[in-house]
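One structure is given here, and the rest of the page talks about it.
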Amino acid sequence: MTDTIQDTPLVIAGKTYSSRLLVGSGKYKDNEETRLATEASGAEIITVAVRRSNIGQKPDEPNLLDAIPPEKYTILPNTAGCYTAEEAVRTCRLARELLDGHNLVKLEVLADEKTLYPDVIQTLKAAETLVKEGFEVMVYTTDDLTIAKELEAIGCVAVMPLAAPIGSGLGVQNPYGIKFIIEELKVPVLIDAGVGTASDAAFAMELGCDGVLMNSAIAAAKNPVLMASAMKKAIEAGREAYLAGRMPRKRYASASSPIDGTFF
């Protein structure tokens, strides 16, 4: 960035991050590809599905944390695959035990296997319990402003509305709804789910999102490591474009070289 552009850092649960790209650790062919893609992304926060990944609960199997060591990254355990508040709370408790008291978690409670949409009723219930137990909750939710404000009021440290269904790659489907949430909330707002390619990530950042979390968009690419690098650049470009302020949209053409005041 140039010296004339003043940005505020991304701060989550009191910790400052230089990267606004958060990435998942699933769907790669092996831990080595996970490591390489994570490094190429420049991400500092890496989300881990506790119910699907080995982070120490299976001593005889490869440990994901060897590829993404907690000394280097902020590990963000998530409750992927949970369909009730009770399941999600138990999963977060397990993660805290496995990670030596780690309190930062990503809460997601799903409504059904077909859409993987958030079950907002169960999500609110789980969020209340987890916050009371001292967890710092980043929460996956719908693009509904009322629900987002309620999650903030409960005490969640970040609200993460979906751009589109998980793994769909459709990009931001409701930019106006996302914009409402950004404008009204004081905690960080990060897009979670639905990003497909670099332009989707840039667009999310141009809306004013504080960051973007993605997994499938990188892991399911033909070249995940190269896509991770592309996403890093897209996040940075989108943030700069947001800070710069885009030109107004107009219905008609406007000459890029005005003739007012010229002599011919």
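Residues in the structure tokens are named by chain (A, B, ... in the order shown) and by number from 1 within that chain; ligands are numbered from 1 in the order shown.
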
Could I get the residues of segment 69-112 of chain A with an atom no further than 12 Å from an atom of segment 187-206 of chain A, each paired with its nearest atom pair and that distance in Å to one decimal, using only C-alpha atoms, sorted by chain and residue number, as JSON lines?
```
{"residue": "A:Lys106", "atom": "CA", "partner": "A:Asp192", "partner_atom": "CA", "distance": 10.6}
{"residue": "A:Leu107", "atom": "CA", "partner": "A:Asp192", "partner_atom": "CA", "distance": 11.5}
{"residue": "A:Glu108", "atom": "CA", "partner": "A:Asp192", "partner_atom": "CA", "distance": 10.5}
```

Based on the selection just made, write C-alpha atoms of those residues as an mmCIF file, in the first residue's frame.
```
data_model
loop_
_atom_site.group_PDB
_atom_site.id
_atom_site.type_symbol
_atom_site.label_atom_id
_atom_site.label_comp_id
_atom_site.auth_asym_id
_atom_site.auth_seq_id
_atom_site.Cartn_x
_atom_site.Cartn_y
_atom_site.Cartn_z
ATOM 1 C CA LYS A 106 -15.217 -21.428 14.754
ATOM 2 C CA LEU A 107 -18.807 -22.400 15.441
ATOM 3 C CA GLU A 108 -20.946 -23.871 12.722
#
```

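Here the strand (DSSP E) residues in segment 15-142 of chain A, by DSSP on the backbone, are A:Lys15, A:Thr16, A:Tyr17, A:Leu21, A:Leu22, A:Val23, A:Gly24, A:Ile45, A:Ile46, A:Thr47, A:Val48, A:Ala49, A:Thr74, A:Ile75, A:Leu76, A:Pro77, A:Asn78, A:Leu104, A:Val105, A:Lys106, A:Leu107, A:Glu136, A:Val137, A:Met138, A:Val139, A:Tyr140, A:Thr141.
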
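Here atom CA of Val11 of chain A stands at a distance of 17.6 Å from atom CA of Ile181 of chain A.
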
Would you pick out the contacts of Thr84 of chain A at 12 Å or less, using only C-alpha atoms, so that residues sharing its chain but fewer than 4 positions from it are not included, and give the list as an mmCIF file with all heavy atoms, in the first residue's frame?
```cif
data_model
loop_
_atom_site.group_PDB
_atom_site.id
_atom_site.type_symbol
_atom_site.label_atom_id
_atom_site.label_comp_id
_atom_site.auth_asym_id
_atom_site.auth_seq_id
_atom_site.Cartn_x
_atom_site.Cartn_y
_atom_site.Cartn_z
ATOM 1 N N THR A 79 -16.450 -26.689 14.136
ATOM 2 C CA THR A 79 -17.415 -27.740 14.466
ATOM 3 C C THR A 79 -18.111 -28.276 13.219
ATOM 4 O O THR A 79 -19.285 -28.634 13.263
ATOM 5 C CB THR A 79 -18.454 -27.210 15.470
ATOM 6 O OG1 THR A 79 -19.146 -26.095 14.892
ATOM 7 C CG2 THR A 79 -17.785 -26.763 16.760
ATOM 8 N N ALA A 80 -17.386 -28.307 12.102
ATOM 9 C CA ALA A 80 -17.949 -28.846 10.857
ATOM 10 C C ALA A 80 -18.503 -30.249 11.094
ATOM 11 O O ALA A 80 -17.882 -31.063 11.764
ATOM 12 C CB ALA A 80 -16.873 -28.888 9.783
ATOM 13 N N ALA A 88 -21.966 -29.415 18.822
ATOM 14 C CA ALA A 88 -20.989 -28.359 18.591
ATOM 15 C C ALA A 88 -20.261 -27.986 19.874
ATOM 16 O O ALA A 88 -19.032 -27.798 19.875
ATOM 17 C CB ALA A 88 -21.687 -27.132 18.004
ATOM 18 N N VAL A 89 -20.970 -27.898 20.963
ATOM 19 C CA VAL A 89 -20.351 -27.550 22.241
ATOM 20 C C VAL A 89 -19.378 -28.642 22.666
ATOM 21 O O VAL A 89 -18.251 -28.345 23.109
ATOM 22 C CB VAL A 89 -21.428 -27.317 23.318
ATOM 23 C CG1 VAL A 89 -20.794 -27.201 24.701
ATOM 24 C CG2 VAL A 89 -22.233 -26.046 23.003
ATOM 25 N N ARG A 90 -19.756 -29.890 22.527
ATOM 26 C CA ARG A 90 -18.853 -31.005 22.886
ATOM 27 C C ARG A 90 -17.589 -30.970 22.044
ATOM 28 O O ARG A 90 -16.485 -31.206 22.528
ATOM 29 C CB ARG A 90 -19.562 -32.351 22.702
ATOM 30 C CG ARG A 90 -20.539 -32.713 23.794
ATOM 31 C CD ARG A 90 -20.846 -34.193 23.793
ATOM 32 N NE ARG A 90 -21.370 -34.640 22.509
ATOM 33 C CZ ARG A 90 -22.671 -34.654 22.188
ATOM 34 N NH1 ARG A 90 -23.567 -34.231 23.068
ATOM 35 N NH2 ARG A 90 -23.074 -35.083 21.010
ATOM 36 N N THR A 91 -17.742 -30.660 20.758
ATOM 37 C CA THR A 91 -16.593 -30.612 19.853
ATOM 38 C C THR A 91 -15.626 -29.501 20.255
ATOM 39 O O THR A 91 -14.409 -29.682 20.233
ATOM 40 C CB THR A 91 -17.073 -30.412 18.400
ATOM 41 O OG1 THR A 91 -17.941 -31.499 18.039
ATOM 42 C CG2 THR A 91 -15.903 -30.373 17.443
ATOM 43 N N LEU A 107 -17.556 -21.676 15.216
ATOM 44 C CA LEU A 107 -18.807 -22.400 15.441
ATOM 45 C C LEU A 107 -19.604 -22.484 14.157
ATOM 46 O O LEU A 107 -19.857 -21.473 13.509
ATOM 47 C CB LEU A 107 -19.629 -21.679 16.515
ATOM 48 C CG LEU A 107 -21.065 -22.172 16.729
ATOM 49 C CD1 LEU A 107 -21.070 -23.617 17.233
ATOM 50 C CD2 LEU A 107 -21.811 -21.245 17.688
ATOM 51 N N GLU A 108 -19.976 -23.693 13.799
ATOM 52 C CA GLU A 108 -20.946 -23.871 12.722
ATOM 53 C C GLU A 108 -21.861 -25.029 13.089
ATOM 54 O O GLU A 108 -21.400 -26.111 13.446
ATOM 55 C CB GLU A 108 -20.281 -24.100 11.361
ATOM 56 C CG GLU A 108 -19.308 -25.241 11.254
ATOM 57 C CD GLU A 108 -18.702 -25.344 9.858
ATOM 58 O OE1 GLU A 108 -17.711 -24.659 9.589
ATOM 59 O OE2 GLU A 108 -19.235 -26.130 9.044
ATOM 60 N N VAL A 109 -23.154 -24.771 13.057
ATOM 61 C CA VAL A 109 -24.157 -25.807 13.291
ATOM 62 C C VAL A 109 -25.028 -25.870 12.049
ATOM 63 O O VAL A 109 -25.661 -24.873 11.683
ATOM 64 C CB VAL A 109 -25.018 -25.507 14.534
ATOM 65 C CG1 VAL A 109 -25.940 -26.700 14.816
ATOM 66 C CG2 VAL A 109 -24.144 -25.211 15.747
ATOM 67 N N LEU A 110 -25.026 -27.009 11.404
ATOM 68 C CA LEU A 110 -25.662 -27.134 10.090
ATOM 69 C C LEU A 110 -27.112 -27.592 10.195
ATOM 70 O O LEU A 110 -27.484 -28.333 11.107
ATOM 71 C CB LEU A 110 -24.866 -28.118 9.227
ATOM 72 C CG LEU A 110 -23.376 -27.775 9.062
ATOM 73 C CD1 LEU A 110 -22.674 -28.869 8.278
ATOM 74 C CD2 LEU A 110 -23.205 -26.420 8.390
ATOM 75 N N ALA A 111 -27.914 -27.164 9.211
ATOM 76 C CA ALA A 111 -29.335 -27.501 9.215
ATOM 77 C C ALA A 111 -29.617 -28.836 8.546
ATOM 78 O O ALA A 111 -30.455 -29.611 9.015
ATOM 79 C CB ALA A 111 -30.123 -26.389 8.526
ATOM 80 N N ASP A 112 -28.940 -29.111 7.427
ATOM 81 C CA ASP A 112 -29.154 -30.373 6.721
ATOM 82 C C ASP A 112 -27.968 -30.665 5.813
ATOM 83 O O ASP A 112 -27.169 -29.783 5.505
ATOM 84 C CB ASP A 112 -30.452 -30.332 5.900
ATOM 85 C CG ASP A 112 -30.405 -29.295 4.790
ATOM 86 O OD1 ASP A 112 -29.842 -29.604 3.727
ATOM 87 O OD2 ASP A 112 -30.904 -28.168 5.002
ATOM 88 N N PRO A 118 -26.582 -22.855 7.674
ATOM 89 C CA PRO A 118 -26.559 -22.806 9.131
ATOM 90 C C PRO A 118 -27.959 -22.999 9.724
ATOM 91 O O PRO A 118 -28.941 -22.481 9.184
ATOM 92 C CB PRO A 118 -26.042 -21.401 9.442
ATOM 93 C CG PRO A 118 -25.487 -20.873 8.152
ATOM 94 C CD PRO A 118 -26.239 -21.559 7.071
ATOM 95 N N ASP A 119 -28.028 -23.731 10.817
ATOM 96 C CA ASP A 119 -29.245 -23.790 11.618
ATOM 97 C C ASP A 119 -29.110 -22.666 12.638
ATOM 98 O O ASP A 119 -28.411 -22.803 13.643
ATOM 99 C CB ASP A 119 -29.353 -25.149 12.330
ATOM 100 C CG ASP A 119 -30.645 -25.292 13.126
ATOM 101 O OD1 ASP A 119 -31.111 -24.280 13.690
ATOM 102 O OD2 ASP A 119 -31.162 -26.418 13.222
ATOM 103 N N VAL A 120 -29.765 -21.546 12.373
ATOM 104 C CA VAL A 120 -29.513 -20.358 13.197
ATOM 105 C C VAL A 120 -30.021 -20.526 14.623
ATOM 106 O O VAL A 120 -29.445 -19.971 15.566
ATOM 107 C CB VAL A 120 -30.108 -19.087 12.546
ATOM 108 C CG1 VAL A 120 -29.386 -18.778 11.253
ATOM 109 C CG2 VAL A 120 -31.608 -19.224 12.312
ATOM 110 N N ILE A 121 -31.080 -21.300 14.812
ATOM 111 C CA ILE A 121 -31.611 -21.512 16.166
ATOM 112 C C ILE A 121 -30.596 -22.270 17.007
ATOM 113 O O ILE A 121 -30.267 -21.882 18.138
ATOM 114 C CB ILE A 121 -32.957 -22.257 16.115
ATOM 115 C CG1 ILE A 121 -34.005 -21.401 15.392
ATOM 116 C CG2 ILE A 121 -33.431 -22.617 17.518
ATOM 117 C CD1 ILE A 121 -35.312 -22.117 15.120
ATOM 118 N N GLN A 122 -30.059 -23.354 16.451
ATOM 119 C CA GLN A 122 -29.053 -24.141 17.164
ATOM 120 C C GLN A 122 -27.739 -23.369 17.303
ATOM 121 O O GLN A 122 -27.026 -23.496 18.296
ATOM 122 C CB GLN A 122 -28.814 -25.460 16.444
ATOM 123 C CG GLN A 122 -29.999 -26.416 16.465
ATOM 124 C CD GLN A 122 -30.303 -26.913 17.863
ATOM 125 O OE1 GLN A 122 -29.444 -27.451 18.546
ATOM 126 N NE2 GLN A 122 -31.542 -26.723 18.296
ATOM 127 N N THR A 123 -27.439 -22.558 16.307
ATOM 128 C CA THR A 123 -26.210 -21.749 16.357
ATOM 129 C C THR A 123 -26.276 -20.755 17.506
ATOM 130 O O THR A 123 -25.309 -20.591 18.265
ATOM 131 C CB THR A 123 -25.994 -21.014 15.024
ATOM 132 O OG1 THR A 123 -25.824 -21.976 13.971
ATOM 133 C CG2 THR A 123 -24.762 -20.118 15.089
ATOM 134 N N LEU A 124 -27.402 -20.055 17.647
ATOM 135 C CA LEU A 124 -27.572 -19.110 18.745
ATOM 136 C C LEU A 124 -27.462 -19.806 20.096
ATOM 137 O O LEU A 124 -26.825 -19.291 21.028
ATOM 138 C CB LEU A 124 -28.923 -18.398 18.622
ATOM 139 C CG LEU A 124 -29.070 -17.405 17.463
ATOM 140 C CD1 LEU A 124 -30.542 -17.059 17.244
ATOM 141 C CD2 LEU A 124 -28.269 -16.144 17.728
ATOM 142 N N LYS A 125 -28.064 -20.958 20.200
ATOM 143 C CA LYS A 125 -28.028 -21.724 21.452
ATOM 144 C C LYS A 125 -26.605 -22.132 21.810
ATOM 145 O O LYS A 125 -26.158 -21.968 22.952
ATOM 146 C CB LYS A 125 -28.924 -22.965 21.314
ATOM 147 C CG LYS A 125 -29.004 -23.830 22.552
ATOM 148 C CD LYS A 125 -29.921 -25.017 22.311
ATOM 149 C CE LYS A 125 -29.972 -25.945 23.526
ATOM 150 N NZ LYS A 125 -30.842 -27.135 23.267
ATOM 151 N N ALA A 126 -25.866 -22.646 20.816
ATOM 152 C CA ALA A 126 -24.485 -23.068 21.058
ATOM 153 C C ALA A 126 -23.599 -21.873 21.387
ATOM 154 O O ALA A 126 -22.731 -21.949 22.272
ATOM 155 C CB ALA A 126 -23.945 -23.811 19.841
ATOM 156 N N ALA A 127 -23.808 -20.763 20.681
ATOM 157 C CA ALA A 127 -22.989 -19.568 20.916
ATOM 158 C C ALA A 127 -23.139 -19.079 22.348
ATOM 159 O O ALA A 127 -22.153 -18.711 23.009
ATOM 160 C CB ALA A 127 -23.372 -18.470 19.931
#
```

Point out the residue among A:Gly81, A:Gly155, A:Pro59, A:Gly169 with the least atom-to-atom distance to Ala13 of chain A, counting only C-alpha atoms. A:Gly155

Name the residues of segment 139-195 of chain A that come out as alpha helix (DSSP H) in a backbone DSSP run; write them as a ChimeraX atom specification. /A:145-154,175-184

Selected residues, N, CA, C and O atoms, written as a PDB file, in the first residue's frame, please.
```
ATOM      1  N   LEU A 145     -29.169  -9.867   8.762  1.00  0.00           N
ATOM      2  CA  LEU A 145     -28.666  -8.841   9.666  1.00  0.00           C
ATOM      3  C   LEU A 145     -29.148  -9.052  11.100  1.00  0.00           C
ATOM      4  O   LEU A 145     -28.387  -8.880  12.055  1.00  0.00           O
ATOM      5  N   THR A 146     -30.411  -9.415  11.264  1.00  0.00           N
ATOM      6  CA  THR A 146     -30.958  -9.584  12.611  1.00  0.00           C
ATOM      7  C   THR A 146     -30.214 -10.674  13.377  1.00  0.00           C
ATOM      8  O   THR A 146     -29.862 -10.494  14.552  1.00  0.00           O
ATOM      9  N   ILE A 147     -29.951 -11.786  12.721  1.00  0.00           N
ATOM     10  CA  ILE A 147     -29.226 -12.888  13.368  1.00  0.00           C
ATOM     11  C   ILE A 147     -27.787 -12.469  13.649  1.00  0.00           C
ATOM     12  O   ILE A 147     -27.227 -12.761  14.718  1.00  0.00           O
ATOM     13  N   ALA A 148     -27.176 -11.767  12.714  1.00  0.00           N
ATOM     14  CA  ALA A 148     -25.790 -11.323  12.904  1.00  0.00           C
ATOM     15  C   ALA A 148     -25.682 -10.412  14.126  1.00  0.00           C
ATOM     16  O   ALA A 148     -24.744 -10.536  14.929  1.00  0.00           O
ATOM     17  N   LYS A 149     -26.641  -9.492  14.281  1.00  0.00           N
ATOM     18  CA  LYS A 149     -26.617  -8.582  15.427  1.00  0.00           C
ATOM     19  C   LYS A 149     -26.830  -9.333  16.734  1.00  0.00           C
ATOM     20  O   LYS A 149     -26.242  -9.003  17.772  1.00  0.00           O
ATOM     21  N   GLU A 150     -27.657 -10.353  16.708  1.00  0.00           N
ATOM     22  CA  GLU A 150     -27.885 -11.149  17.918  1.00  0.00           C
ATOM     23  C   GLU A 150     -26.634 -11.922  18.317  1.00  0.00           C
ATOM     24  O   GLU A 150     -26.296 -12.011  19.494  1.00  0.00           O
ATOM     25  N   LEU A 151     -25.918 -12.450  17.331  1.00  0.00           N
ATOM     26  CA  LEU A 151     -24.674 -13.176  17.618  1.00  0.00           C
ATOM     27  C   LEU A 151     -23.623 -12.227  18.190  1.00  0.00           C
ATOM     28  O   LEU A 151     -22.866 -12.598  19.092  1.00  0.00           O
ATOM     29  N   GLU A 152     -23.577 -11.011  17.671  1.00  0.00           N
ATOM     30  CA  GLU A 152     -22.664 -10.017  18.235  1.00  0.00           C
ATOM     31  C   GLU A 152     -23.043  -9.701  19.674  1.00  0.00           C
ATOM     32  O   GLU A 152     -22.187  -9.595  20.556  1.00  0.00           O
ATOM     33  N   ALA A 153     -24.353  -9.552  19.932  1.00  0.00           N
ATOM     34  CA  ALA A 153     -24.822  -9.224  21.271  1.00  0.00           C
ATOM     35  C   ALA A 153     -24.504 -10.342  22.266  1.00  0.00           C
ATOM     36  O   ALA A 153     -24.224 -10.077  23.448  1.00  0.00           O
ATOM     37  N   ILE A 154     -24.539 -11.578  21.804  1.00  0.00           N
ATOM     38  CA  ILE A 154     -24.203 -12.714  22.668  1.00  0.00           C
ATOM     39  C   ILE A 154     -22.750 -12.645  23.116  1.00  0.00           C
ATOM     40  O   ILE A 154     -22.402 -13.067  24.219  1.00  0.00           O
ATOM     41  N   PRO A 175     -24.881  -9.501  -2.048  1.00  0.00           N
ATOM     42  CA  PRO A 175     -23.961  -8.451  -1.613  1.00  0.00           C
ATOM     43  C   PRO A 175     -24.622  -7.375  -0.754  1.00  0.00           C
ATOM     44  O   PRO A 175     -23.986  -6.823   0.146  1.00  0.00           O
ATOM     45  N   TYR A 176     -25.897  -7.092  -1.004  1.00  0.00           N
ATOM     46  CA  TYR A 176     -26.576  -6.058  -0.226  1.00  0.00           C
ATOM     47  C   TYR A 176     -26.790  -6.520   1.211  1.00  0.00           C
ATOM     48  O   TYR A 176     -26.616  -5.748   2.164  1.00  0.00           O
ATOM     49  N   GLY A 177     -27.137  -7.785   1.390  1.00  0.00           N
ATOM     50  CA  GLY A 177     -27.291  -8.319   2.738  1.00  0.00           C
ATOM     51  C   GLY A 177     -25.978  -8.321   3.498  1.00  0.00           C
ATOM     52  O   GLY A 177     -25.932  -7.979   4.685  1.00  0.00           O
ATOM     53  N   ILE A 178     -24.903  -8.696   2.814  1.00  0.00           N
ATOM     54  CA  ILE A 178     -23.578  -8.686   3.432  1.00  0.00           C
ATOM     55  C   ILE A 178     -23.184  -7.260   3.809  1.00  0.00           C
ATOM     56  O   ILE A 178     -22.649  -7.008   4.893  1.00  0.00           O
ATOM     57  N   LYS A 179     -23.484  -6.310   2.917  1.00  0.00           N
ATOM     58  CA  LYS A 179     -23.143  -4.913   3.168  1.00  0.00           C
ATOM     59  C   LYS A 179     -23.883  -4.384   4.400  1.00  0.00           C
ATOM     60  O   LYS A 179     -23.317  -3.637   5.201  1.00  0.00           O
ATOM     61  N   PHE A 180     -25.147  -4.749   4.563  1.00  0.00           N
ATOM     62  CA  PHE A 180     -25.895  -4.338   5.751  1.00  0.00           C
ATOM     63  C   PHE A 180     -25.180  -4.798   7.024  1.00  0.00           C
ATOM     64  O   PHE A 180     -25.063  -4.051   7.995  1.00  0.00           O
ATOM     65  N   ILE A 181     -24.738  -6.049   7.024  1.00  0.00           N
ATOM     66  CA  ILE A 181     -24.072  -6.613   8.201  1.00  0.00           C
ATOM     67  C   ILE A 181     -22.772  -5.868   8.486  1.00  0.00           C
ATOM     68  O   ILE A 181     -22.473  -5.514   9.625  1.00  0.00           O
ATOM     69  N   ILE A 182     -21.998  -5.619   7.446  1.00  0.00           N
ATOM     70  CA  ILE A 182     -20.729  -4.890   7.611  1.00  0.00           C
ATOM     71  C   ILE A 182     -20.969  -3.519   8.233  1.00  0.00           C
ATOM     72  O   ILE A 182     -20.241  -3.082   9.130  1.00  0.00           O
ATOM     73  N   GLU A 183     -22.006  -2.840   7.754  1.00  0.00           N
ATOM     74  CA  GLU A 183     -22.276  -1.480   8.211  1.00  0.00           C
ATOM     75  C   GLU A 183     -22.779  -1.419   9.647  1.00  0.00           C
ATOM     76  O   GLU A 183     -22.551  -0.431  10.355  1.00  0.00           O
ATOM     77  N   GLU A 184     -23.457  -2.462  10.103  1.00  0.00           N
ATOM     78  CA  GLU A 184     -24.119  -2.415  11.405  1.00  0.00           C
ATOM     79  C   GLU A 184     -23.300  -3.012  12.551  1.00  0.00           C
ATOM     80  O   GLU A 184     -23.476  -2.626  13.708  1.00  0.00           O
TER      81      GLU A 184
END
```

For segment 71-100 of chain A versus segment 132-142 of chain A, which residues have an atom no more than 10 Å away, and what is each residue's nearest atom pair and distance in Å rounded to one decimal, using only C-alpha atoms, chain-then-number order, as a tab-separated table?
```
residue	atom	partner	partner_atom	distance
A:Leu76	CA	A:Met138	CA	9.0
A:Asn78	CA	A:Met138	CA	9.2
A:Thr79	CA	A:Tyr140	CA	9.9
A:Val89	CA	A:Glu133	CA	9.8
A:Cys92	CA	A:Phe135	CA	8.4
A:Arg93	CA	A:Phe135	CA	9.1
A:Arg96	CA	A:Phe135	CA	8.9
```

Export of the given selection (N, CA and C atoms) as a PDB file, in the first residue's frame:
```pdb
ATOM      1  N   LEU A  76      -7.614 -22.672  14.271  1.00  0.00           N
ATOM      2  CA  LEU A  76      -9.011 -22.345  14.533  1.00  0.00           C
ATOM      3  C   LEU A  76      -9.852 -23.618  14.420  1.00  0.00           C
ATOM      4  N   ASN A  78     -12.888 -26.006  14.234  1.00  0.00           N
ATOM      5  CA  ASN A  78     -14.267 -25.735  13.873  1.00  0.00           C
ATOM      6  C   ASN A  78     -15.154 -26.939  14.144  1.00  0.00           C
ATOM      7  N   THR A  79     -16.450 -26.689  14.136  1.00  0.00           N
ATOM      8  CA  THR A  79     -17.415 -27.740  14.466  1.00  0.00           C
ATOM      9  C   THR A  79     -18.111 -28.276  13.219  1.00  0.00           C
ATOM     10  N   VAL A  89     -20.970 -27.898  20.963  1.00  0.00           N
ATOM     11  CA  VAL A  89     -20.351 -27.550  22.241  1.00  0.00           C
ATOM     12  C   VAL A  89     -19.378 -28.642  22.666  1.00  0.00           C
ATOM     13  N   CYS A  92     -16.163 -28.355  20.624  1.00  0.00           N
ATOM     14  CA  CYS A  92     -15.310 -27.245  21.060  1.00  0.00           C
ATOM     15  C   CYS A  92     -14.586 -27.584  22.357  1.00  0.00           C
ATOM     16  N   ARG A  93     -15.249 -28.266  23.239  1.00  0.00           N
ATOM     17  CA  ARG A  93     -14.612 -28.683  24.495  1.00  0.00           C
ATOM     18  C   ARG A  93     -13.472 -29.657  24.222  1.00  0.00           C
ATOM     19  N   ARG A  96     -10.502 -27.724  22.854  1.00  0.00           N
ATOM     20  CA  ARG A  96      -9.798 -26.998  23.906  1.00  0.00           C
ATOM     21  C   ARG A  96      -8.891 -27.934  24.696  1.00  0.00           C
TER      22      ARG A  96
END
```

Provide the atom CA of Asp66 of chain A to atom CA of Gly101 of chain A distance in Å, to one decimal place. 18.9 Å
